[in-house]
>>> print(open('structure_25.cif').read())   # mmCIF, C-alpha atoms
data_upload
#
loop_
_atom_site.label_atom_id
_atom_site.label_comp_id
_atom_site.auth_asym_id
_atom_site.auth_seq_id
_atom_site.Cartn_x
_atom_site.Cartn_y
_atom_site.Cartn_z
CA MET A 59 13.17 21.61 14.40
CA ALA A 60 10.47 22.02 17.09
CA LEU A 61 8.81 18.93 18.55
CA SER A 62 5.48 19.92 16.98
CA GLU A 63 7.11 19.79 13.56
CA ARG A 64 8.51 16.32 14.20
CA LEU A 65 5.09 14.92 15.05
CA ILE A 66 2.68 13.84 12.33
CA ASP A 67 1.41 16.79 10.31
CA VAL A 68 -2.38 17.02 10.69
CA ARG A 69 -2.87 20.09 8.47
CA PRO A 70 -4.62 17.99 5.79
CA LEU A 71 -7.30 16.96 8.30
CA ARG A 72 -7.80 20.51 9.52
CA GLY A 73 -7.71 22.26 6.17
CA SER A 74 -9.56 19.96 3.78
CA ARG A 75 -13.03 18.62 4.53
CA ALA A 76 -12.85 16.39 1.45
CA PHE A 77 -9.59 14.79 2.54
CA ARG A 78 -10.91 14.42 6.09
CA ASP A 79 -13.97 12.56 4.77
CA LEU A 80 -11.76 10.38 2.61
CA TRP A 81 -9.40 9.61 5.49
CA VAL A 82 -12.17 8.66 7.92
CA GLY A 83 -13.94 6.48 5.36
CA SER A 84 -10.72 4.78 4.26
CA SER A 85 -9.67 4.18 7.87
CA LEU A 86 -12.96 2.48 8.69
CA ALA A 87 -12.76 0.41 5.51
CA SER A 88 -9.22 -0.67 6.36
CA ILE A 89 -10.28 -1.92 9.80
CA GLY A 90 -13.21 -3.75 8.22
CA ARG A 91 -10.90 -5.33 5.68
CA GLN A 92 -8.54 -6.61 8.39
CA ILE A 93 -11.49 -8.14 10.23
CA ALA A 94 -12.65 -9.83 7.02
CA VAL A 95 -9.15 -11.20 6.31
CA VAL A 96 -9.14 -13.03 9.64
CA ALA A 97 -12.73 -14.20 9.17
CA VAL A 98 -12.07 -15.60 5.69
CA LEU A 99 -8.90 -17.36 6.83
CA GLN A 100 -10.69 -18.97 9.76
CA GLN A 101 -13.78 -19.90 7.74
CA VAL A 102 -11.74 -21.54 4.97
CA TRP A 103 -9.77 -23.51 7.54
CA GLU A 104 -12.95 -24.58 9.32
CA LEU A 105 -14.52 -25.72 6.06
CA THR A 106 -11.52 -27.62 4.68
CA ARG A 107 -8.85 -28.20 7.37
CA SER A 108 -6.45 -27.92 4.43
CA PRO A 109 -3.41 -25.63 4.16
CA LEU A 110 -3.79 -25.91 0.38
CA TRP A 111 -7.15 -24.15 0.55
CA THR A 112 -5.93 -21.49 2.95
CA GLY A 113 -3.10 -20.90 0.47
CA ALA A 114 -5.73 -20.57 -2.26
CA ILE A 115 -6.96 -17.40 -0.53
CA GLY A 116 -3.78 -15.76 -1.82
CA LEU A 117 -4.66 -16.85 -5.34
CA ALA A 118 -8.22 -15.56 -5.01
CA THR A 119 -6.92 -12.15 -3.93
CA GLY A 120 -3.64 -11.87 -5.85
CA VAL A 121 -4.92 -12.55 -9.37
CA PRO A 122 -7.74 -9.95 -9.30
CA MET A 123 -5.39 -7.41 -7.73
CA LEU A 124 -2.80 -7.80 -10.46
CA VAL A 125 -5.17 -7.96 -13.44
CA LEU A 126 -7.80 -5.41 -12.45
CA GLY A 127 -5.24 -3.10 -10.88
CA LEU A 128 -3.74 -2.49 -14.33
CA VAL A 129 -7.18 -2.12 -15.90
CA GLY A 130 -8.09 0.36 -13.19
CA GLY A 131 -5.01 2.42 -13.98
CA SER A 132 -6.05 2.90 -17.59
CA LEU A 133 -9.61 3.72 -16.59
CA ALA A 134 -8.37 6.24 -14.04
CA ASP A 135 -6.77 8.25 -16.85
CA ALA A 136 -9.86 8.06 -19.05
CA VAL A 137 -12.87 8.81 -16.82
CA ASP A 138 -13.77 10.91 -13.79
CA ARG A 139 -11.83 9.31 -10.94
CA ARG A 140 -14.44 9.92 -8.27
CA SER A 141 -17.04 8.15 -10.41
CA LEU A 142 -14.69 5.19 -10.93
CA VAL A 143 -13.92 4.83 -7.22
CA ARG A 144 -17.58 5.28 -6.35
CA ALA A 145 -18.57 2.41 -8.68
CA ALA A 146 -15.72 0.21 -7.44
CA THR A 147 -16.54 0.85 -3.78
CA GLY A 148 -20.20 0.10 -4.50
CA GLY A 149 -19.10 -3.24 -5.92
CA GLN A 150 -17.07 -3.91 -2.77
CA ALA A 151 -20.12 -3.15 -0.63
CA LEU A 152 -22.26 -5.62 -2.61
CA ALA A 153 -19.57 -8.30 -2.32
CA SER A 154 -19.34 -7.65 1.43
CA LEU A 155 -23.09 -8.16 1.70
CA GLY A 156 -22.63 -11.39 -0.25
CA LEU A 157 -20.07 -12.58 2.32
CA LEU A 158 -22.52 -11.71 5.09
CA ALA A 159 -25.34 -13.58 3.35
CA GLN A 160 -23.32 -16.76 2.78
CA ALA A 161 -22.20 -16.80 6.42
CA ALA A 162 -25.73 -16.21 7.71
CA ALA A 163 -27.03 -19.03 5.48
CA GLY A 164 -24.45 -21.49 6.82
CA ASN A 165 -22.60 -21.85 3.52
CA ARG A 166 -20.40 -24.98 3.26
CA SER A 167 -18.92 -24.24 -0.18
CA VAL A 168 -15.37 -22.95 -0.04
CA THR A 169 -15.56 -22.21 -3.77
CA LEU A 170 -18.43 -19.78 -3.25
CA LEU A 171 -16.59 -18.13 -0.38
CA LEU A 172 -13.41 -17.62 -2.43
CA ALA A 173 -15.43 -16.39 -5.41
CA LEU A 174 -16.95 -13.65 -3.26
CA VAL A 175 -13.50 -12.79 -1.91
CA ALA A 176 -12.21 -12.53 -5.49
CA VAL A 177 -15.08 -10.22 -6.49
CA GLU A 178 -14.53 -7.97 -3.49
CA THR A 179 -10.79 -7.83 -4.08
CA GLY A 180 -11.24 -7.22 -7.80
CA CYS A 181 -13.52 -4.24 -7.16
CA ALA A 182 -11.00 -2.81 -4.70
CA ALA A 183 -8.17 -3.26 -7.22
CA LEU A 184 -10.20 -1.59 -9.98
CA GLY A 185 -10.54 1.57 -7.92
CA ALA A 186 -7.13 1.50 -6.20
CA PRO A 187 -5.10 3.45 -8.82
CA ALA A 188 -7.68 6.25 -8.97
CA ARG A 189 -7.95 6.33 -5.18
CA ARG A 190 -4.16 6.78 -4.91
CA THR A 191 -4.42 10.03 -6.89
CA PHE A 192 -6.92 11.64 -4.49
CA PRO A 193 -4.50 13.23 -1.98
CA VAL A 194 -2.57 15.16 -4.63
CA ARG A 195 -5.84 16.50 -6.05
CA LEU A 196 -7.45 17.35 -2.69
CA LEU A 197 -4.45 18.91 -0.90
CA PRO A 198 -1.97 21.73 -1.52
CA SER A 199 1.21 20.25 -2.95
CA ASP A 200 3.20 20.92 0.24
CA GLN A 201 0.72 18.79 2.23
CA VAL A 202 0.64 15.72 -0.02
CA ALA A 203 3.35 13.91 1.95
CA ALA A 204 1.52 14.69 5.20
CA GLY A 205 -1.69 13.28 3.72
CA LEU A 206 0.07 10.05 2.73
CA ALA A 207 1.59 9.82 6.21
CA LEU A 208 -1.87 10.11 7.77
CA GLN A 209 -3.12 7.33 5.50
CA SER A 210 -0.13 5.17 6.47
CA VAL A 211 -0.80 5.71 10.19
CA ALA A 212 -4.43 4.70 9.70
CA PHE A 213 -3.37 1.53 7.89
CA GLN A 214 -0.82 0.58 10.56
CA ALA A 215 -3.42 1.20 13.26
CA SER A 216 -5.91 -1.02 11.43
CA MET A 217 -3.32 -3.81 11.35
CA LEU A 218 -3.08 -3.58 15.14
CA VAL A 219 -6.76 -3.14 15.89
CA GLY A 220 -8.44 -5.16 13.11
CA PRO A 221 -7.18 -8.69 13.92
CA ALA A 222 -7.79 -8.20 17.65
CA VAL A 223 -11.35 -7.03 17.02
CA ALA A 224 -11.86 -9.91 14.59
CA GLY A 225 -10.85 -12.44 17.23
CA LEU A 226 -13.31 -10.99 19.74
CA VAL A 227 -16.17 -10.78 17.22
CA LEU A 228 -15.61 -14.30 15.89
CA ALA A 229 -15.41 -15.76 19.39
CA GLN A 230 -18.63 -14.06 20.49
CA TRP A 231 -20.85 -13.82 17.39
CA ARG A 232 -19.11 -15.88 14.66
CA TYR A 233 -18.84 -15.10 10.96
CA PRO A 234 -22.03 -13.15 10.19
CA ALA A 235 -21.08 -10.46 12.71
CA ALA A 236 -17.54 -10.14 11.33
CA TYR A 237 -18.78 -9.73 7.76
CA ALA A 238 -21.50 -7.33 8.93
CA VAL A 239 -18.82 -5.07 10.44
CA GLN A 240 -16.91 -5.16 7.14
CA ALA A 241 -20.06 -4.33 5.16
CA LEU A 242 -20.87 -1.35 7.38
CA ALA A 243 -17.28 -0.07 7.12
CA THR A 244 -17.37 -0.38 3.32
CA VAL A 245 -20.65 1.54 3.14
CA ALA A 246 -19.08 4.29 5.27
CA SER A 247 -16.20 4.45 2.80
CA LEU A 248 -18.69 4.69 -0.09
CA VAL A 249 -20.48 7.62 1.58
CA ALA A 250 -17.14 9.40 1.97
CA VAL A 251 -16.34 8.94 -1.73
CA ILE A 252 -19.78 10.19 -2.78
CA ARG A 253 -19.12 13.41 -0.83
CA LEU A 254 -15.88 14.11 -2.71
CA PRO A 255 -15.76 16.68 -5.52
CA ALA A 256 -15.64 15.48 -9.12
CA MET A 257 -12.12 14.68 -10.31
CA PRO A 258 -11.92 14.68 -14.11
CA VAL A 259 -8.51 13.98 -15.59
CA ARG A 260 -6.46 17.03 -16.54
CA ARG A 261 -5.73 16.33 -20.18
CA ALA A 262 -2.36 17.10 -21.73
CA GLU A 263 -1.57 18.33 -25.22
CA ASP A 264 0.73 15.36 -25.94
CA GLU A 265 -2.24 12.97 -25.56
CA ARG A 266 -4.67 14.90 -27.74
CA PRO A 267 -4.30 15.78 -31.43
CA PRO A 268 -5.00 19.43 -32.38
CA GLY A 269 -8.22 18.60 -34.18
CA GLY A 270 -9.97 16.56 -31.51
CA GLU A 271 -9.74 13.06 -30.10
CA ARG A 272 -6.42 11.46 -29.29
CA ARG A 273 -5.38 8.82 -31.88
CA GLY A 274 -4.35 5.36 -30.73
CA PRO A 275 -4.35 3.74 -27.31
CA LEU A 276 -2.97 5.42 -24.22
CA PRO A 277 0.60 4.36 -23.41
CA GLY A 278 0.63 1.84 -20.56
CA GLY A 279 1.83 2.54 -17.06
CA TRP A 280 4.94 0.37 -17.36
CA ARG A 281 6.06 2.23 -20.47
CA LEU A 282 5.58 5.57 -18.74
CA VAL A 283 7.55 4.44 -15.69
CA LEU A 284 10.46 3.00 -17.65
CA ARG A 285 10.88 6.28 -19.57
CA HIS A 286 11.60 8.26 -16.39
CA PRO A 287 14.59 7.50 -14.14
CA ILE A 288 13.06 8.84 -10.94
CA LEU A 289 9.93 6.71 -11.30
CA TRP A 290 11.63 3.44 -12.23
CA GLY A 291 14.33 4.08 -9.65
CA SER A 292 11.78 4.58 -6.86
CA PHE A 293 9.81 1.48 -7.87
CA GLY A 294 13.05 -0.50 -8.24
CA VAL A 295 14.02 0.36 -4.68
CA ASP A 296 10.65 -0.90 -3.45
CA LEU A 297 10.94 -4.15 -5.42
CA ALA A 298 14.49 -4.76 -4.18
CA ALA A 299 13.39 -4.30 -0.58
CA THR A 300 10.32 -6.54 -0.74
CA VAL A 301 11.40 -9.28 -3.18
CA LEU A 302 14.77 -9.82 -1.52
CA ALA A 303 13.86 -9.39 2.13
CA MET A 304 10.12 -9.95 2.81
CA PRO A 305 10.11 -11.88 6.12
CA VAL A 306 6.50 -12.90 6.87
CA ALA A 307 6.65 -16.40 5.35
CA LEU A 308 9.66 -17.16 7.56
CA PHE A 309 8.04 -16.14 10.85
CA PRO A 310 6.62 -19.59 11.72
CA MET A 311 9.99 -21.27 11.08
CA VAL A 312 11.93 -18.74 13.15
CA ASN A 313 9.35 -19.00 15.91
CA GLU A 314 9.58 -22.79 15.95
CA LEU A 315 13.39 -22.81 15.86
CA ARG A 316 14.12 -20.15 18.46
CA PHE A 317 11.03 -19.54 20.56
CA GLY A 318 9.35 -22.93 20.93
CA GLY A 319 6.58 -22.34 18.41
CA ASP A 320 4.42 -20.35 20.84
CA PRO A 321 1.59 -18.80 18.75
CA ARG A 322 1.61 -15.75 21.02
CA THR A 323 5.18 -15.08 19.95
CA LEU A 324 4.21 -15.44 16.30
CA GLY A 325 1.58 -12.76 16.84
CA LEU A 326 4.18 -10.52 18.45
CA PHE A 327 6.29 -10.67 15.26
CA LEU A 328 3.48 -9.15 13.22
CA SER A 329 2.59 -6.67 15.94
CA ALA A 330 6.19 -5.48 16.23
CA ILE A 331 6.27 -4.47 12.57
CA ALA A 332 2.96 -2.65 12.94
CA VAL A 333 4.11 -0.89 16.13
CA GLY A 334 7.29 0.31 14.40
CA GLY A 335 5.31 1.53 11.42
CA LEU A 336 2.76 3.30 13.60
CA GLY A 337 5.50 4.98 15.63
CA ALA A 338 7.24 6.21 12.49
CA GLY A 339 3.94 7.52 11.19
CA LEU A 340 3.17 9.43 14.38
CA PHE A 341 6.59 11.13 14.19
CA SER A 342 6.53 11.57 10.41
CA GLY A 343 6.61 15.38 10.44
CA THR A 344 10.36 15.37 9.84
CA VAL A 345 10.02 13.06 6.83
CA THR A 346 7.07 14.82 5.21
CA ARG A 347 8.90 18.16 5.28
CA LEU A 348 12.04 16.81 3.61
CA ARG A 349 12.96 18.02 0.14
CA ARG A 350 15.29 15.03 -0.34
CA GLY A 351 12.51 12.47 -0.20
CA ALA A 352 14.14 10.15 -2.75
CA LEU A 353 17.32 9.98 -0.68
CA ALA A 354 15.19 9.29 2.41
CA GLN A 355 13.57 6.37 0.56
CA LEU A 356 16.99 4.94 -0.30
CA VAL A 357 18.15 5.19 3.31
CA ALA A 358 14.90 3.75 4.70
CA ALA A 359 14.91 0.79 2.29
CA SER A 360 18.53 0.04 3.26
CA VAL A 361 17.62 0.14 6.96
CA TRP A 362 14.71 -2.24 6.25
CA GLY A 363 17.10 -4.82 4.79
CA LEU A 364 19.69 -4.45 7.56
CA ALA A 365 17.04 -4.67 10.29
CA LEU A 366 15.69 -7.92 8.85
CA ALA A 367 19.20 -9.30 8.58
CA GLY A 368 19.54 -8.45 12.28
CA PHE A 369 16.27 -10.28 12.97
CA GLY A 370 17.78 -13.34 11.34
CA LEU A 371 20.73 -13.20 13.76
CA ALA A 372 18.80 -12.15 16.90
CA GLY A 373 18.72 -14.59 19.79
CA PRO A 374 16.75 -12.93 22.60
CA LEU A 375 13.10 -12.20 21.90
CA TRP A 376 13.46 -8.52 22.85
CA LEU A 377 16.20 -8.08 20.23
CA ALA A 378 14.19 -9.90 17.55
CA LEU A 379 11.15 -7.70 18.22
CA SER A 380 13.32 -4.56 18.23
CA CYS A 381 14.70 -5.46 14.79
CA LEU A 382 11.18 -6.02 13.45
CA ALA A 383 10.00 -2.70 14.90
CA ALA A 384 12.93 -0.95 13.21
CA ALA A 385 12.03 -2.66 9.93
CA GLY A 386 8.41 -1.55 10.29
CA ALA A 387 9.45 2.05 10.94
CA ALA A 388 11.78 2.02 7.93
CA ASP A 389 9.06 0.55 5.74
CA THR A 390 6.65 3.32 6.68
CA VAL A 391 9.22 6.01 5.84
CA ALA A 392 9.92 4.32 2.49
CA VAL A 393 6.21 4.05 1.66
CA ILE A 394 5.53 7.71 2.51
CA THR A 395 8.50 9.04 0.53
CA ARG A 396 7.86 6.79 -2.47
CA GLY A 397 4.17 7.62 -2.59
CA THR A 398 4.87 11.35 -2.37
CA LEU A 399 7.54 11.18 -5.07
CA VAL A 400 5.33 9.23 -7.45
CA GLN A 401 2.20 11.35 -7.01
CA VAL A 402 3.87 14.78 -7.01
CA GLU A 403 6.32 14.14 -9.84
CA THR A 404 3.82 12.45 -12.17
CA PRO A 405 1.60 14.72 -14.32
CA ASP A 406 -2.09 14.25 -13.66
CA HIS A 407 -2.91 12.68 -17.04
CA PHE A 408 -0.39 9.91 -16.23
CA ARG A 409 -1.22 9.40 -12.55
CA GLY A 410 -3.83 6.67 -12.96
CA ARG A 411 -1.58 4.42 -15.04
CA VAL A 412 1.53 5.09 -12.95
CA SER A 413 -0.51 4.47 -9.78
CA SER A 414 -1.61 1.13 -11.21
CA VAL A 415 2.05 0.14 -11.53
CA GLU A 416 2.61 1.24 -7.92
CA HIS A 417 -0.38 -0.88 -6.90
CA VAL A 418 0.86 -3.97 -8.75
CA ILE A 419 4.37 -3.62 -7.34
CA GLY A 420 2.94 -3.18 -3.86
CA VAL A 421 0.97 -6.42 -4.25
CA ALA A 422 3.39 -8.57 -6.22
CA GLY A 423 6.63 -7.59 -4.49
CA PRO A 424 5.75 -8.90 -1.01
CA GLU A 425 4.19 -12.09 -2.42
CA LEU A 426 7.27 -12.85 -4.52
CA GLY A 427 9.46 -11.99 -1.54
CA ASN A 428 7.63 -14.41 0.72
CA PHE A 429 7.92 -17.13 -1.92
CA ARG A 430 11.65 -16.44 -2.37
CA GLY A 431 12.21 -16.51 1.38
CA GLY A 432 10.37 -19.79 1.83
CA LEU A 433 12.23 -21.38 -1.07
CA LEU A 434 15.63 -20.34 0.27
CA ALA A 435 14.74 -21.35 3.82
CA SER A 436 13.64 -24.81 2.67
CA ALA A 437 17.08 -25.30 1.09
CA THR A 438 19.03 -23.77 4.01
CA SER A 439 17.38 -22.36 7.13
CA ALA A 440 15.07 -19.49 8.03
CA PRO A 441 17.73 -17.43 9.87
CA LEU A 442 20.17 -17.77 6.97
CA ALA A 443 17.45 -16.83 4.47
CA LEU A 444 16.69 -13.71 6.51
CA LEU A 445 20.36 -12.76 6.80
CA VAL A 446 21.14 -13.29 3.11
CA GLY A 447 17.92 -11.63 1.96
CA GLY A 448 18.32 -8.60 4.20
CA LEU A 449 21.93 -7.97 3.20
CA ALA A 450 21.10 -8.54 -0.47
CA ALA A 451 18.22 -6.03 -0.26
CA ALA A 452 20.43 -3.37 1.35
CA ALA A 453 23.14 -3.94 -1.26
CA ALA A 454 20.64 -3.78 -4.13
CA VAL A 455 19.17 -0.51 -2.82
CA VAL A 456 22.61 1.08 -2.49
CA SER A 457 23.47 -0.10 -6.02
CA LEU A 458 20.27 1.42 -7.42
CA GLY A 459 21.13 4.71 -5.74
CA LEU A 460 24.60 4.70 -7.28
CA LEU A 461 23.33 3.72 -10.74
CA ASN A 462 20.49 6.24 -10.75
CA PRO A 463 21.91 9.71 -10.00
CA ALA A 464 18.59 11.37 -10.91
CA LEU A 465 16.93 9.55 -8.02
CA ARG A 466 19.82 10.00 -5.60
CA ARG A 467 20.13 13.73 -6.25
CA HIS A 468 16.44 14.52 -6.59
CA ARG A 469 15.37 17.55 -4.61
CA ALA A 470 11.79 18.78 -4.52
CA ALA A 471 11.27 22.45 -5.23
CA PRO A 472 9.98 24.54 -2.30
CA GLY A 473 6.39 23.52 -1.62
CA HIS A 474 6.96 20.13 -3.32
CA HIS A 475 6.76 20.90 -7.03
CA ASP A 476 3.58 19.66 -8.69
CA PRO A 477 3.92 19.54 -12.50
CA ASP A 478 0.22 20.33 -12.92
CA ARG A 479 0.14 23.37 -10.62
CA ALA A 480 3.46 25.12 -10.99
CA PRO A 481 4.57 27.31 -13.92
CA ARG A 482 6.03 25.51 -16.89
CA GLN A 483 9.11 24.18 -15.17
CA GLU A 484 10.32 20.83 -16.46
CA SER A 485 10.26 17.95 -14.03
CA PRO A 486 11.81 14.49 -14.49
CA ALA A 487 8.39 12.94 -15.05
CA THR A 488 7.56 15.24 -17.96
CA ARG A 489 10.73 14.73 -19.97
CA GLY A 490 10.95 12.36 -22.90
#
>>> encode(input="structure_25.cif", output="structure tokens")
Amino acid sequence: MALSERLIDVRPLRGSRAFRDLWVGSSLASIGRQIAVVAVLQQVWELTRSPLWTGAIGLATGVPMLVLGLVGGSLADAVDRRSLVRAATGGQALASLGLLAQAAAGNRSVTLLLALVAVETGCAALGAPARRTFPVRLLPSDQVAAGLALQSVAFQASMLVGPAVAGLVLAQWRYPAAYAVQALATVASLVAVIRLPAMPVRRAEDERPPGGERRGPLPGGWRLVLRHPILWGSFGVDLAATVLAMPVALFPMVNELRFGGDPRTLGLFLSAIAVGGLGAGLFSGTVTRLRRGALAQLVAASVWGLALAGFGLAGPLWLALSCLAAAGAADTVAVITRGTLVQVETPDHFRGRVSSVEHVIGVAGPELGNFRGGLLASATSAPLALLVGGLAAAAAVVSLGLLNPALRRHRAAPGHHDPDRAPRQESPATRG
């Protein structure tokens, strides 16, 4: 394979103005969101000096994500998806302006601050399932994986750039400036969504009676996923990797135990994961052209677990950072392959609800994994929790691959088969 084919595939940016608009708007919004995350964390700490309240930020974001993410999935299969995302992004913009206003007014109420954070997060969660379906509707089916890789690179880059920019902005101009940057980025994302073509749901005969309206409620996303081995297998791999081996909650303990608690080292842990993910994204051409994407997800998720087990054993800082970079690269490969598999193999009239499940798993898995890691570390030690969790994650992923032959043997048809575009050829997501 030529070097140009190993590098990230930029055909979606060259060939689709709509996707290019979406990508630019989403990238700006992601940077704005990272800036706001740092600003909210610092403002809550400054107002309360309480770790309990900084922990409450997770509650203010997690609950709306879980609840409204599922609601958004059902709506995404019932209304025009562009209209839904446009309304949700408009709500985010208003909430961002609310954050700016409270900071400019010198707000001292942490409850008001967290309420605005919850509103902004809830609006984002409401539109997230529909937004996840955009690449497969805007791009040829053989470019969907490349589009997801480009989105992953933008996210990893925002994780590197956003916190650094936030620190500079907060040090120089304080909270109003940080929230103003987020508001402007959200408005840019809204403009990009407005420019997209309409995206009505492609209805299917099995959801509509011959004489007119469909009778009864739409089946939920979880029910749809559990009926199809490839979908539940792919989501199961993701849950095994994150619930059993998520390392972020253990970083402060490892840093204190092995590296003297230097906050600069703690920052390097997070940066190493982002650098690994960004590197994998930039060289994602090989992955996005694979027909055995499900097998690639299994391998990547196993490497994620083993790399984090290695981080638990690593003594020198260079080795610890190398293990985290390897984990970040593996995570990016797993995210790209899972996202491609889910979007391409799911018929359009199911994509909103299935995407809502993907959203919930993406939110809940890491949070549960961090809680599990902290609980185990409090009973034993952080290095042992990392070692046990990483090995358990790798073993669970291998077991899922052995128990789910449909996932392990899955091979995309040439051009990445899309059940809504190809001739009537049965795919695993349309059986049952």
>>> closest_atom_pairs(input="structure_25.cif", of="segment 290-354 of chain A", to="segment 406-426 of chain A", cutoff="6 Å", atoms="only C-alpha atoms", output="CSV")
residue,atom,partner,partner_atom,distance
A:Leu297,CA,A:Gly423,CA,5.6
A:Thr300,CA,A:Pro424,CA,5.2
A:Val301,CA,A:Gly423,CA,5.2
A:Met304,CA,A:Pro424,CA,5.9
>>> resolve_selection(input="structure_25.cif", expression="the PyMOL selection byres ((chain A and resi 388) around 7)", output="PyMOL selection string")
chain A and resi 358-359+361-362+384-387+389-392
>>> resolve_selection(input="structure_25.cif", expression="the PyMOL selection byres ((chain A and resi 155-157) around 8)", output="MDAnalysis selection string")
chainID A and resid 151:154 158:161 171 174:175 237:238 241
>>> resolve_selection(input="structure_25.cif", expression="the PyMOL selection byres ((chain A and resi 227) around 12)", output="number ranges by chain")
A: 90, 93-94, 96-97, 220-226, 228-240
>>> atom_distance(input="structure_25.cif", atom1="atom CA of Leu442 of chain A", atom2="atom CA of Cys381 of chain A")
15.6 Å
>>> residues_around(input="structure_25.cif", residues="segment 245-259 of chain A", least_positions_apart="5", cutoff="8 Å", atoms="all atoms listed in the file", output="ChimeraX atom specification")
/A:76,79-80,82-84,86-87,134-141,143-144,147-148,151,195,406-407
>>> write_last_selection(input="structure_25.cif", atoms="C-alpha atoms", output="PDB file, keeping the file's coordinate frame")
ATOM      1  CA  ALA A  76     -12.850  16.390   1.450  1.00  0.00           C
ATOM      2  CA  ASP A  79     -13.970  12.560   4.770  1.00  0.00           C
ATOM      3  CA  LEU A  80     -11.760  10.380   2.610  1.00  0.00           C
ATOM      4  CA  VAL A  82     -12.170   8.660   7.920  1.00  0.00           C
ATOM      5  CA  GLY A  83     -13.940   6.480   5.360  1.00  0.00           C
ATOM      6  CA  SER A  84     -10.720   4.780   4.260  1.00  0.00           C
ATOM      7  CA  LEU A  86     -12.960   2.480   8.690  1.00  0.00           C
ATOM      8  CA  ALA A  87     -12.760   0.410   5.510  1.00  0.00           C
ATOM      9  CA  ALA A 134      -8.370   6.240 -14.040  1.00  0.00           C
ATOM     10  CA  ASP A 135      -6.770   8.250 -16.850  1.00  0.00           C
ATOM     11  CA  ALA A 136      -9.860   8.060 -19.050  1.00  0.00           C
ATOM     12  CA  VAL A 137     -12.870   8.810 -16.820  1.00  0.00           C
ATOM     13  CA  ASP A 138     -13.770  10.910 -13.790  1.00  0.00           C
ATOM     14  CA  ARG A 139     -11.830   9.310 -10.940  1.00  0.00           C
ATOM     15  CA  ARG A 140     -14.440   9.920  -8.270  1.00  0.00           C
ATOM     16  CA  SER A 141     -17.040   8.150 -10.410  1.00  0.00           C
ATOM     17  CA  VAL A 143     -13.920   4.830  -7.220  1.00  0.00           C
ATOM     18  CA  ARG A 144     -17.580   5.280  -6.350  1.00  0.00           C
ATOM     19  CA  THR A 147     -16.540   0.850  -3.780  1.00  0.00           C
ATOM     20  CA  GLY A 148     -20.200   0.100  -4.500  1.00  0.00           C
ATOM     21  CA  ALA A 151     -20.120  -3.150  -0.630  1.00  0.00           C
ATOM     22  CA  ARG A 195      -5.840  16.500  -6.050  1.00  0.00           C
ATOM     23  CA  ASP A 406      -2.090  14.250 -13.660  1.00  0.00           C
ATOM     24  CA  HIS A 407      -2.910  12.680 -17.040  1.00  0.00           C
TER      25      HIS A 407
END
>>> residues_around(input="structure_25.cif", residues="Ala383 of chain A", least_positions_apart="3", cutoff="8 Å", atoms="all atoms listed in the file", output="number ranges by chain")
A: 330-335, 379-380, 386-387
>>> residues_around(input="structure_25.cif", residues="Val345 of chain A", least_positions_apart="5", cutoff="12 Å", atoms="all atoms listed in the file", output="PyMOL selection string")
chain A and resi 59+63-67+201-204+206-207+338-340+350-355+357-358+387-388+390-396+398
>>> closest_residue(input="structure_25.cif", among="A:Glu104, A:Leu433, A:Pro70, A:Glu403", to="Pro287 of chain A", atoms="all atoms listed in the file")
A:Glu403
>>> residues_around(input="structure_25.cif", residues="Pro305 of chain A", least_positions_apart="4", cutoff="12 Å", atoms="only C-alpha atoms", output="MDAnalysis selection string")
chainID A and resid 299:301 309:312 327:328 331 362:363 365:370 381:382 385:386 423:432 434:435 440:448 451
>>> write_last_selection(input="structure_25.cif", atoms="C-alpha atoms", output="compact mmCIF listing (two decimals), in the coordinates of the input")
# COMPACT_ATOMS: atom_id res chain seq x y z
CA ALA A 299 13.39 -4.30 -0.58
CA THR A 300 10.32 -6.54 -0.74
CA VAL A 301 11.40 -9.28 -3.18
CA PHE A 309 8.04 -16.14 10.85
CA PRO A 310 6.62 -19.59 11.72
CA MET A 311 9.99 -21.27 11.08
CA VAL A 312 11.93 -18.74 13.15
CA PHE A 327 6.29 -10.67 15.26
CA LEU A 328 3.48 -9.15 13.22
CA ILE A 331 6.27 -4.47 12.57
CA TRP A 362 14.71 -2.24 6.25
CA GLY A 363 17.10 -4.82 4.79
CA ALA A 365 17.04 -4.67 10.29
CA LEU A 366 15.69 -7.92 8.85
CA ALA A 367 19.20 -9.30 8.58
CA GLY A 368 19.54 -8.45 12.28
CA PHE A 369 16.27 -10.28 12.97
CA GLY A 370 17.78 -13.34 11.34
CA CYS A 381 14.70 -5.46 14.79
CA LEU A 382 11.18 -6.02 13.45
CA ALA A 385 12.03 -2.66 9.93
CA GLY A 386 8.41 -1.55 10.29
CA GLY A 423 6.63 -7.59 -4.49
CA PRO A 424 5.75 -8.90 -1.01
CA GLU A 425 4.19 -12.09 -2.42
CA LEU A 426 7.27 -12.85 -4.52
CA GLY A 427 9.46 -11.99 -1.54
CA ASN A 428 7.63 -14.41 0.72
CA PHE A 429 7.92 -17.13 -1.92
CA ARG A 430 11.65 -16.44 -2.37
CA GLY A 431 12.21 -16.51 1.38
CA GLY A 432 10.37 -19.79 1.83
CA LEU A 434 15.63 -20.34 0.27
CA ALA A 435 14.74 -21.35 3.82
CA ALA A 440 15.07 -19.49 8.03
CA PRO A 441 17.73 -17.43 9.87
CA LEU A 442 20.17 -17.77 6.97
CA ALA A 443 17.45 -16.83 4.47
CA LEU A 444 16.69 -13.71 6.51
CA LEU A 445 20.36 -12.76 6.80
CA VAL A 446 21.14 -13.29 3.11
CA GLY A 447 17.92 -11.63 1.96
CA GLY A 448 18.32 -8.60 4.20
CA ALA A 451 18.22 -6.03 -0.26
